[in-house]
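Text of structure14.txt (compact mmCIF, C-alpha atoms and all ligand atoms) as supplied:
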# COMPACT_ATOMS: atom_id res chain seq x y z
CA MET A 1 25.13 -51.72 34.20
CA LYS A 2 24.31 -49.28 37.02
CA THR A 3 25.94 -49.93 40.38
CA ARG A 4 23.58 -52.03 42.47
CA TYR A 5 23.27 -52.35 46.26
CA LEU A 6 22.69 -56.04 46.96
CA VAL A 7 21.48 -56.26 50.57
CA PRO A 8 19.64 -53.02 51.31
CA GLY A 9 18.12 -54.31 54.56
CA ASP A 10 21.38 -55.03 56.39
CA TYR A 11 25.05 -54.03 56.54
CA MET A 12 27.42 -56.36 54.68
CA ALA A 13 31.04 -55.68 53.67
CA ASP A 14 34.29 -57.27 52.42
CA PRO A 15 32.71 -59.53 49.76
CA ALA A 16 34.34 -62.78 48.64
CA VAL A 17 32.46 -64.11 45.60
CA HIS A 18 32.61 -67.43 43.74
CA VAL A 19 30.59 -69.42 41.22
CA PHE A 20 29.45 -72.73 42.76
CA ASN A 21 26.90 -75.01 41.05
CA GLY A 22 26.22 -72.34 38.41
CA LYS A 23 25.24 -69.65 40.97
CA LEU A 24 27.13 -66.71 42.42
CA TYR A 25 27.75 -67.08 46.14
CA ILE A 26 28.72 -64.06 48.23
CA TYR A 27 30.54 -64.40 51.55
CA PRO A 28 30.61 -60.96 53.21
CA SER A 29 31.49 -59.68 56.65
CA HIS A 30 28.33 -58.84 58.61
CA ASP A 31 28.64 -55.35 60.06
CA ARG A 32 26.69 -54.36 63.13
CA GLU A 33 26.28 -51.46 65.53
CA SER A 34 28.39 -52.54 68.50
CA GLY A 35 28.74 -49.14 70.16
CA ILE A 36 32.55 -49.50 70.23
CA PRO A 37 34.20 -46.14 69.38
CA GLU A 38 36.08 -45.89 66.08
CA ASN A 39 39.89 -46.22 66.33
CA ASP A 40 42.93 -47.10 64.16
CA ASN A 41 42.95 -50.61 65.63
CA GLY A 42 39.57 -51.37 64.01
CA ASP A 43 37.92 -52.27 67.33
CA HIS A 44 34.63 -50.84 66.00
CA PHE A 45 34.52 -53.68 63.42
CA ASP A 46 33.18 -56.10 66.01
CA MET A 47 31.35 -58.58 63.80
CA ASN A 48 30.10 -61.83 65.28
CA ASP A 49 28.59 -63.91 62.47
CA TYR A 50 28.50 -64.50 58.71
CA HIS A 51 25.52 -64.78 56.38
CA VAL A 52 25.82 -66.34 52.89
CA PHE A 53 24.01 -64.90 49.86
CA SER A 54 23.43 -66.25 46.34
CA LEU A 55 22.12 -64.83 43.09
CA GLU A 56 21.77 -65.87 39.47
CA ASP A 57 21.08 -62.53 37.76
CA VAL A 58 23.60 -59.90 38.82
CA GLU A 59 21.89 -56.89 37.29
CA SER A 60 18.38 -57.25 38.70
CA GLY A 61 17.76 -60.76 40.07
CA GLU A 62 16.69 -61.68 43.57
CA VAL A 63 19.45 -62.00 46.17
CA THR A 64 18.83 -64.97 48.48
CA ASP A 65 19.96 -64.69 52.10
CA HIS A 66 20.78 -68.23 53.27
CA GLY A 67 20.97 -67.07 56.86
CA VAL A 68 23.68 -67.45 59.47
CA ALA A 69 26.47 -69.76 58.30
CA LEU A 70 28.94 -69.40 61.20
CA ARG A 71 28.89 -67.62 64.58
CA VAL A 72 31.72 -66.48 66.86
CA GLU A 73 30.11 -68.33 69.75
CA ASP A 74 30.46 -71.67 67.87
CA ILE A 75 34.23 -71.29 67.31
CA PRO A 76 36.15 -73.07 70.10
CA TRP A 77 39.18 -70.74 70.11
CA ALA A 78 37.24 -67.50 69.63
CA GLY A 79 38.04 -64.16 71.11
CA ARG A 80 36.38 -61.48 68.98
CA GLN A 81 35.99 -59.87 65.54
CA LEU A 82 35.07 -62.02 62.55
CA TRP A 83 36.55 -60.09 59.64
CA ASP A 84 36.77 -60.77 55.90
CA CYS A 85 36.45 -64.47 54.98
CA ASP A 86 36.73 -66.55 51.79
CA VAL A 87 35.42 -69.97 50.72
CA ALA A 88 36.98 -72.66 48.49
CA HIS A 89 35.46 -75.83 47.07
CA LYS A 90 37.24 -79.19 46.87
CA ASP A 91 35.86 -82.72 46.37
CA GLY A 92 32.28 -81.86 47.36
CA LYS A 93 33.23 -79.90 50.48
CA TYR A 94 33.32 -76.16 51.06
CA TYR A 95 36.02 -74.63 53.24
CA MET A 96 35.50 -71.25 54.83
CA TYR A 97 38.68 -69.42 55.88
CA PHE A 98 38.07 -66.66 58.40
CA PRO A 99 40.21 -64.25 60.47
CA LEU A 100 39.32 -63.97 64.13
CA LYS A 101 41.13 -62.72 67.21
CA ASP A 102 41.94 -65.47 69.68
CA ARG A 103 41.63 -65.06 73.44
CA ASN A 104 44.97 -63.19 73.51
CA ASP A 105 43.59 -60.67 71.00
CA ILE A 106 45.85 -62.01 68.24
CA PHE A 107 44.37 -62.46 64.76
CA ARG A 108 44.63 -66.03 63.48
CA ILE A 109 42.98 -67.67 60.46
CA GLY A 110 40.49 -70.47 61.09
CA VAL A 111 38.78 -73.03 58.83
CA ALA A 112 35.18 -74.22 58.93
CA VAL A 113 33.77 -76.96 56.69
CA ALA A 114 30.36 -77.47 55.04
CA GLY A 115 28.77 -79.89 52.60
CA ARG A 116 26.98 -77.06 50.75
CA PRO A 117 28.14 -73.62 49.61
CA GLU A 118 25.58 -71.90 51.84
CA GLY A 119 26.73 -73.77 54.96
CA PRO A 120 26.28 -74.07 57.86
CA PHE A 121 30.05 -74.27 58.34
CA VAL A 122 31.50 -76.33 61.18
CA PRO A 123 34.68 -74.81 62.62
CA GLN A 124 37.83 -76.80 63.28
CA PRO A 125 38.91 -76.87 66.94
CA ASP A 126 42.03 -74.72 66.37
CA PRO A 127 43.17 -72.02 63.96
CA ILE A 128 45.51 -72.91 61.09
CA ARG A 129 48.93 -73.66 62.52
CA GLY A 130 51.34 -70.83 61.63
CA SER A 131 48.55 -68.46 60.54
CA TYR A 132 48.41 -64.79 61.51
CA SER A 133 46.84 -61.48 60.45
CA ILE A 134 43.65 -61.12 58.37
CA ASP A 135 41.85 -61.16 55.02
CA PRO A 136 42.39 -64.66 53.57
CA ALA A 137 41.59 -65.05 49.85
CA VAL A 138 41.97 -68.40 48.10
CA LEU A 139 42.82 -69.09 44.44
CA GLU A 140 42.30 -72.55 42.96
CA GLU A 141 44.66 -73.47 40.16
CA ASN A 142 44.95 -76.96 38.63
CA GLY A 143 43.84 -78.67 41.83
CA LYS A 144 46.18 -76.61 44.03
CA TYR A 145 44.88 -73.93 46.38
CA TYR A 146 46.79 -70.80 47.34
CA MET A 147 45.89 -68.54 50.24
CA TYR A 148 46.75 -64.83 50.10
CA PHE A 149 46.47 -62.97 53.39
CA GLY A 150 47.58 -60.09 55.58
CA GLY A 151 46.64 -56.58 56.57
CA ILE A 152 48.49 -53.81 58.40
CA TRP A 153 47.40 -51.57 61.33
CA GLY A 154 44.42 -53.37 62.96
CA GLY A 155 45.22 -56.44 60.86
CA GLN A 156 48.50 -56.84 62.84
CA LEU A 157 50.79 -57.77 59.90
CA GLN A 158 53.41 -55.24 61.11
CA ARG A 159 53.89 -57.47 64.17
CA TYR A 160 55.58 -60.21 62.07
CA ARG A 161 58.72 -60.68 59.96
CA SER A 162 59.52 -63.97 58.16
CA ASN A 163 56.44 -65.56 59.81
CA LYS A 164 57.78 -64.89 63.31
CA ALA A 165 56.15 -62.57 65.85
CA LEU A 166 58.29 -59.52 66.67
CA GLU A 167 58.85 -58.18 70.17
CA ALA A 168 57.12 -55.00 69.01
CA ALA A 169 55.34 -53.98 65.81
CA ALA A 170 57.68 -52.41 63.25
CA PHE A 171 57.07 -50.56 59.99
CA PRO A 172 59.80 -50.18 57.33
CA ALA A 173 61.07 -46.62 56.79
CA GLY A 174 59.30 -44.67 54.03
CA GLY A 175 62.00 -45.39 51.41
CA GLU A 176 62.27 -49.09 52.23
CA ALA A 177 60.33 -51.92 50.59
CA SER A 178 56.77 -52.04 51.90
CA ILE A 179 55.28 -54.79 54.03
CA CYS A 180 54.12 -57.50 51.61
CA PRO A 181 50.97 -59.60 51.54
CA LYS A 182 51.62 -63.31 52.13
CA VAL A 183 50.92 -66.40 50.03
CA ALA A 184 50.97 -70.07 51.00
CA MET A 185 49.78 -73.23 49.26
CA LEU A 186 47.16 -75.11 51.28
CA SER A 187 47.61 -78.73 52.34
CA ASP A 188 45.72 -81.47 50.45
CA ASP A 189 43.15 -81.72 53.27
CA MET A 190 42.55 -77.94 53.00
CA LEU A 191 42.94 -77.54 56.76
CA GLY A 192 46.44 -76.10 56.93
CA PHE A 193 49.40 -74.60 55.11
CA ALA A 194 51.45 -76.98 52.96
CA GLU A 195 54.43 -74.63 53.20
CA GLU A 196 55.72 -71.58 55.05
CA PRO A 197 53.95 -68.43 53.85
CA CYS A 198 56.15 -66.19 51.70
CA ASP A 199 56.06 -62.56 50.59
CA LEU A 200 54.05 -61.63 47.50
CA LEU A 201 56.25 -58.95 45.93
CA ILE A 202 54.62 -55.98 44.21
CA LEU A 203 57.07 -54.15 41.96
CA ASP A 204 56.75 -50.80 40.26
CA PRO A 205 57.01 -50.84 36.43
CA ASP A 206 60.81 -50.33 36.76
CA GLY A 207 61.12 -53.58 38.70
CA ARG A 208 61.68 -52.04 42.15
CA PRO A 209 59.55 -53.10 45.14
CA LEU A 210 56.89 -50.54 46.08
CA THR A 211 58.06 -48.62 49.15
CA GLN A 212 56.29 -48.18 52.48
CA GLY A 213 56.10 -44.42 51.86
CA ASP A 214 54.27 -44.95 48.56
CA ALA A 215 50.92 -44.88 50.32
CA GLU A 216 48.84 -44.42 47.15
CA ARG A 217 50.12 -47.75 45.75
CA ARG A 218 51.55 -49.97 48.49
CA PHE A 219 49.63 -52.94 49.98
CA PHE A 220 47.54 -52.44 53.12
CA GLU A 221 44.86 -55.25 53.21
CA ALA A 222 42.00 -56.93 51.26
CA SER A 223 43.85 -59.38 48.97
CA TRP A 224 42.01 -60.84 46.00
CA MET A 225 43.44 -62.93 43.15
CA HIS A 226 41.80 -63.73 39.82
CA LYS A 227 43.01 -65.09 36.53
CA ARG A 228 42.04 -63.90 33.06
CA GLY A 229 43.54 -64.95 29.76
CA GLY A 230 46.51 -66.72 31.39
CA ARG A 231 47.39 -63.60 33.43
CA TYR A 232 47.17 -63.42 37.23
CA TYR A 233 45.62 -60.26 38.67
CA TYR A 234 46.40 -59.53 42.30
CA SER A 235 44.23 -56.73 43.72
CA TYR A 236 44.23 -55.10 47.16
CA SER A 237 43.36 -52.04 49.22
CA THR A 238 45.84 -49.28 50.02
CA GLY A 239 44.01 -48.71 53.32
CA ASP A 240 44.65 -45.19 54.55
CA THR A 241 44.68 -43.84 50.97
CA HIS A 242 41.53 -45.84 50.16
CA ASN A 243 42.30 -47.16 46.66
CA ILE A 244 41.63 -50.60 45.26
CA CYS A 245 44.73 -51.23 43.12
CA TYR A 246 45.99 -54.16 41.07
CA ALA A 247 49.20 -55.72 39.87
CA THR A 248 49.74 -58.51 37.33
CA GLY A 249 52.01 -61.54 37.20
CA ASP A 250 52.52 -64.82 35.40
CA ASN A 251 52.24 -67.27 38.30
CA PRO A 252 50.48 -67.47 41.69
CA TYR A 253 53.61 -66.55 43.68
CA GLY A 254 54.56 -63.48 41.65
CA PRO A 255 56.38 -61.17 41.52
CA PHE A 256 53.56 -58.85 40.47
CA THR A 257 53.90 -55.55 38.63
CA TYR A 258 51.78 -52.62 39.70
CA GLN A 259 49.25 -51.57 37.04
CA GLY A 260 46.89 -48.99 38.49
CA VAL A 261 43.76 -48.13 40.45
CA ILE A 262 40.61 -50.18 39.84
CA LEU A 263 38.39 -48.25 42.26
CA PRO A 264 39.17 -44.79 43.65
CA PRO A 265 38.09 -43.97 47.23
CA VAL A 266 34.44 -44.55 48.15
CA LEU A 267 32.53 -43.05 51.08
CA GLY A 268 33.84 -44.73 54.22
CA TRP A 269 37.31 -45.57 55.54
CA THR A 270 37.77 -49.15 54.33
CA THR A 271 37.47 -50.35 50.76
CA HIS A 272 37.38 -54.03 49.89
CA HIS A 273 36.35 -56.03 46.84
CA ALA A 274 36.11 -59.27 44.87
CA ILE A 275 36.38 -59.75 41.11
CA VAL A 276 34.57 -62.62 39.41
CA GLU A 277 33.48 -63.73 35.94
CA TYR A 278 29.86 -64.83 35.62
CA LYS A 279 27.85 -65.51 32.45
CA GLU A 280 30.67 -64.08 30.31
CA LYS A 281 30.84 -60.74 32.11
CA TRP A 282 33.24 -59.56 34.79
CA TYR A 283 32.02 -57.93 37.98
CA LEU A 284 33.52 -55.92 40.82
CA PHE A 285 31.80 -56.51 44.16
CA HIS A 286 32.69 -54.02 46.88
CA HIS A 287 31.23 -51.89 49.67
CA ASP A 288 30.69 -48.30 50.72
CA CYS A 289 29.04 -46.38 53.56
CA VAL A 290 26.53 -44.30 51.58
CA PRO A 291 23.38 -46.02 52.95
CA SER A 292 24.55 -45.61 56.59
CA GLY A 293 25.28 -41.92 56.01
CA GLY A 294 29.06 -42.43 56.26
CA LYS A 295 29.27 -44.56 59.42
CA THR A 296 32.52 -46.35 58.63
CA TRP A 297 31.58 -49.51 60.54
CA LEU A 298 28.20 -49.94 58.78
CA ARG A 299 29.02 -50.82 55.19
CA SER A 300 26.78 -51.87 52.29
CA LEU A 301 27.46 -54.42 49.57
CA LYS A 302 27.53 -53.29 45.92
CA VAL A 303 28.25 -54.69 42.48
CA VAL A 304 29.21 -53.06 39.19
CA GLU A 305 30.38 -54.48 35.87
CA LEU A 306 34.14 -54.44 35.33
CA GLU A 307 35.57 -53.67 31.88
CA TYR A 308 38.96 -54.72 30.51
CA ASN A 309 40.86 -52.79 27.86
CA ASN A 310 42.15 -54.61 24.78
CA ASP A 311 45.63 -54.88 26.31
CA GLY A 312 44.25 -56.67 29.38
CA THR A 313 44.46 -53.69 31.70
CA ILE A 314 41.39 -52.91 33.82
CA ALA A 315 39.32 -49.80 33.10
CA GLN A 316 38.99 -47.75 36.29
CA VAL A 317 35.53 -47.92 37.86
CA PRO A 318 34.14 -44.48 38.64
CA ALA A 319 33.55 -43.99 42.39
CA GLY A 320 29.91 -43.73 43.43
O1 LIG B 401 35.86 -55.73 57.94
C1 LIG B 401 37.00 -55.55 58.75
C2 LIG B 401 38.18 -55.18 57.91
O2 LIG B 401 37.91 -53.97 57.23
C3 LIG B 401 38.55 -56.14 56.81
O3 LIG B 401 39.14 -57.32 57.24
C4 LIG B 401 39.42 -55.24 56.03
O4 LIG B 401 39.78 -55.72 54.77
C5 LIG B 401 38.59 -53.97 55.99
O5 LIG B 401 37.65 -54.00 54.96
What would the structure in this file look like if it were written as structure tokens?
Ligand code: FUB
Amino acid sequence: MKTRYLVPGDYMADPAVHVFNGKLYIYPSHDRESGIPENDNGDHFDMNDYHVFSLEDVESGEVTDHGVALRVEDIPWAGRQLWDCDVAHKDGKYYMYFPLKDRNDIFRIGVAVAGRPEGPFVPQPDPIRGSYSIDPAVLEENGKYYMYFGGIWGGQLQRYRSNKALEAAAFPAGGEASICPKVAMLSDDMLGFAEEPCDLLILDPDGRPLTQGDAERRFFEASWMHKRGGRYYYSYSTGDTHNICYATGDNPYGPFTYQGVILPPVLGWTTHHAIVEYKEKWYLFHHDCVPSGGKTWLRSLKVVELEYNNDGTIAQVPAG
């Protein structure tokens, strides 16, 4: 399959993708031209709503835009910046988890609820208690739901240790274990954490945690978890080195062992993805900035087929 741009008329990024009612539903960030200058804090990613898309034929079928599903102005605790969201389904309801800065400019993770996968989603009055940072991704497993989250730099994860805010942001030294993504089981009502978030450890093949100085492999943001053949695949972006990498494990909490790069750098600064099985094929959804001519804040949604090797490792997708 050739790589396909899915929404050529608008700028969409950070796809989360799931199969609901036999269709593929895509929940992207909705990029826009805000005029805010680019900086390392990500202020130029000033998105203020989400659209939901669906499709039934990945290679050439029509992509339906279901319109606006949630707006910043409808969220009671909103400050600014709706970043990468995800959606989970339980007992006939759909739960959208979204990162948003509150009025103190602190990223928290909110929940909004709908009766249909395309929304509209109705936000809860407050963010999830104990939530922080960005990029929630939810895995369902035997009726339990696990949220993976976190992102450094503009995603603010370096401002926390052991779920507590620090006086000042702190990065480990280059040779020390890197900042980890977080995982927490969700409560039965899907509106909160059932437990304190804990670190998701990513080890090198010798069993040592990846170090903060290992910028080509260590976690930065954009968590995604999928399961294939009894194996858990945790994938993520390395941020400033622009790889989508993956690590495998045998349970939702890890530890995970680093395996390699799925997607080398694309045009743009951020890289972000979702992996999903549909009609017996696997697909990588992601974004790049080719259609906007390299404007890093105007990203376009793409899909390409993902191949697995016989040993279960993922064949690297060529950039472009
Ligand atoms: O879209 C804003 C941020 O850019 C996302 O939350 C990150 O994962 C990166 O893609």
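Distances from A:Ala194, A:Ala315, A:His287, A:Gly229 to Pro28 (chain A) were compared using all atoms listed in the file, and the smallest one belongs to A:His287.
Minimum atom-to-atom distances from A:Asn41, A:Asn21, A:Asn251, A:Ser178 to ligand LIG 401 (chain B) were compared using all atoms listed in the file, and the lowest value belongs to A:Asn41.
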Checklist entry - Which of these residues is nearest to ligand LIG 401 (chain B), using all atoms listed in the file: A:Tyr50, A:Phe256, A:Trp297, A:Phe193? => result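 Using all atoms listed in the file, ligand LIG 401 (chain B) sits closest to A:Trp297.
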Checklist entry - Which protein, DNA or RNA residues have an atom within 7 Å of ligand LIG 401 (chain B), counting all atoms listed in the file, as a PyMOL selection string? => result chain A and resi 13-14+29+45+83-84+134-135+221-222+270-272
Checklist entry - Pick from A:Pro205, A:Ser300, A:Leu210, A:Gly312: nearest to Gly268 (chain A), with all atoms listed in the file counted? => result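 Of the candidates, the smallest distance to Gly268 (chain A) is held by A:Ser300.
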Item to check | Local residues around (57.5, -72.6, 52.7), at most 10 Å away, using all atoms listed in the file, as a list in words | outcome: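 I get Val183, Ala184, Met185, Phe193, Ala194, Glu195, Glu196, Pro197 and Cys198 of chain A for the residues within 10 Å of that point.
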Write the selection just made, keeping C-alpha atoms, as a compact mmCIF listing (two decimals), in the coordinates of the input?
# COMPACT_ATOMS: atom_id res chain seq x y z
CA VAL A 183 50.92 -66.40 50.03
CA ALA A 184 50.97 -70.07 51.00
CA MET A 185 49.78 -73.23 49.26
CA PHE A 193 49.40 -74.60 55.11
CA ALA A 194 51.45 -76.98 52.96
CA GLU A 195 54.43 -74.63 53.20
CA GLU A 196 55.72 -71.58 55.05
CA PRO A 197 53.95 -68.43 53.85
CA CYS A 198 56.15 -66.19 51.70
Item to check | Point-to-point distance in Å for CA of Ser235 (chain A) and CA of Val122 (chain A) | outcome: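 Spanning CA of Val122 (chain A) to CA of Ser235 (chain A) is a straight-line distance of 29.2 Å.
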Next on the checklist: For a quick check of understanding, using only C-alpha atoms, which of A:Pro291, A:Pro120, A:Pro318, A:Pro76 has the smallest distance to Asp10 (chain A)?
Outcome noted: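 Ranking A:Pro291, A:Pro120, A:Pro318, A:Pro76 by distance to Asp10 (chain A), first place goes to A:Pro291.
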Item to check | Local residues around (23.7, -64.0, 49.0), at most 10 Å away, using all atoms listed in the file, as a PyMOL selection string | outcome: chain A and resi 6-7+17+23-28+51-56+62-67+118
Checklist entry - So what do you get for CA of Asn104 (chain A) versus CA of Thr296 (chain A), distance-wise? => result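 Going from CA of Asn104 (chain A) over to CA of Thr296 (chain A) covers 25.7 Å.
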Checklist entry - Which one is closest to Asp46 (chain A): A:Lys101, A:Arg159, A:Lys2, A:Lys227? Count all atoms listed in the file. => result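 For Asp46 (chain A), the nearest of the given residues is A:Lys101.
Look at Thr313 (chain A): the protein and nucleic acid residues within 9 Å of it, using only C-alpha atoms and passing over chain neighbours fewer than 5 places away, are Gln259, Gly260, Glu307 and Tyr308 of chain A.
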Next on the checklist: I want to know what sits within 12 Å of Glu59 (chain A), based on all atoms listed in the file, with residues of the same chain fewer than 6 positions away left out; could you give that as a ChimeraX atom specification?
Outcome noted: /A:1-6,278-279,281-283,302-305
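Between CA of Phe121 (chain A) and CA of Gly22 (chain A) there is a distance of 20.4 Å.
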Checklist entry - Hey, what's within 6 Å of Cys289 (chain A) if we count all atoms listed in the file and toss same-chain stuff fewer than 5 positions away? As a ChimeraX atom specification, please? => result /A:267-268,294,299
Checklist entry - Could you name the residues that touch Ile109 (chain A) at 12 Å or less, counting all atoms listed in the file, but leaving out those on the same chain fewer than 6 positions away, as a PyMOL selection string? => result chain A and resi 75+77-78+81-86+96-102+123-137+147-150+155+191-193
With C-alpha atoms retained, could you export that selection as a compact mmCIF listing (two decimals), keeping the file's coordinate frame?
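Saved to out.txt:
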# COMPACT_ATOMS: atom_id res chain seq x y z
CA ILE A 75 34.23 -71.29 67.31
CA TRP A 77 39.18 -70.74 70.11
CA ALA A 78 37.24 -67.50 69.63
CA GLN A 81 35.99 -59.87 65.54
CA LEU A 82 35.07 -62.02 62.55
CA TRP A 83 36.55 -60.09 59.64
CA ASP A 84 36.77 -60.77 55.90
CA CYS A 85 36.45 -64.47 54.98
CA ASP A 86 36.73 -66.55 51.79
CA MET A 96 35.50 -71.25 54.83
CA TYR A 97 38.68 -69.42 55.88
CA PHE A 98 38.07 -66.66 58.40
CA PRO A 99 40.21 -64.25 60.47
CA LEU A 100 39.32 -63.97 64.13
CA LYS A 101 41.13 -62.72 67.21
CA ASP A 102 41.94 -65.47 69.68
CA PRO A 123 34.68 -74.81 62.62
CA GLN A 124 37.83 -76.80 63.28
CA PRO A 125 38.91 -76.87 66.94
CA ASP A 126 42.03 -74.72 66.37
CA PRO A 127 43.17 -72.02 63.96
CA ILE A 128 45.51 -72.91 61.09
CA ARG A 129 48.93 -73.66 62.52
CA GLY A 130 51.34 -70.83 61.63
CA SER A 131 48.55 -68.46 60.54
CA TYR A 132 48.41 -64.79 61.51
CA SER A 133 46.84 -61.48 60.45
CA ILE A 134 43.65 -61.12 58.37
CA ASP A 135 41.85 -61.16 55.02
CA PRO A 136 42.39 -64.66 53.57
CA ALA A 137 41.59 -65.05 49.85
CA MET A 147 45.89 -68.54 50.24
CA TYR A 148 46.75 -64.83 50.10
CA PHE A 149 46.47 -62.97 53.39
CA GLY A 150 47.58 -60.09 55.58
CA GLY A 155 45.22 -56.44 60.86
CA LEU A 191 42.94 -77.54 56.76
CA GLY A 192 46.44 -76.10 56.93
CA PHE A 193 49.40 -74.60 55.11
Checklist entry - What's the 7 Å shell around Thr211 (chain A), counting only C-alpha atoms, without same-chain residues fewer than 6 positions away, as a list in words? => result Gly174, Gly175, Glu176, Ala177, Ser178 and Arg218 of chain A
Please report, as JSON, the centre and edge lengths in Å to one decimal of an axis-aligned box covering all listed atoms of region 288-291 of chain A with 8 Å per side.
{"center_x": 27.0, "center_y": -46.3, "center_z": 52.1, "size_x": 23.3, "size_y": 20.0, "size_z": 18.8}
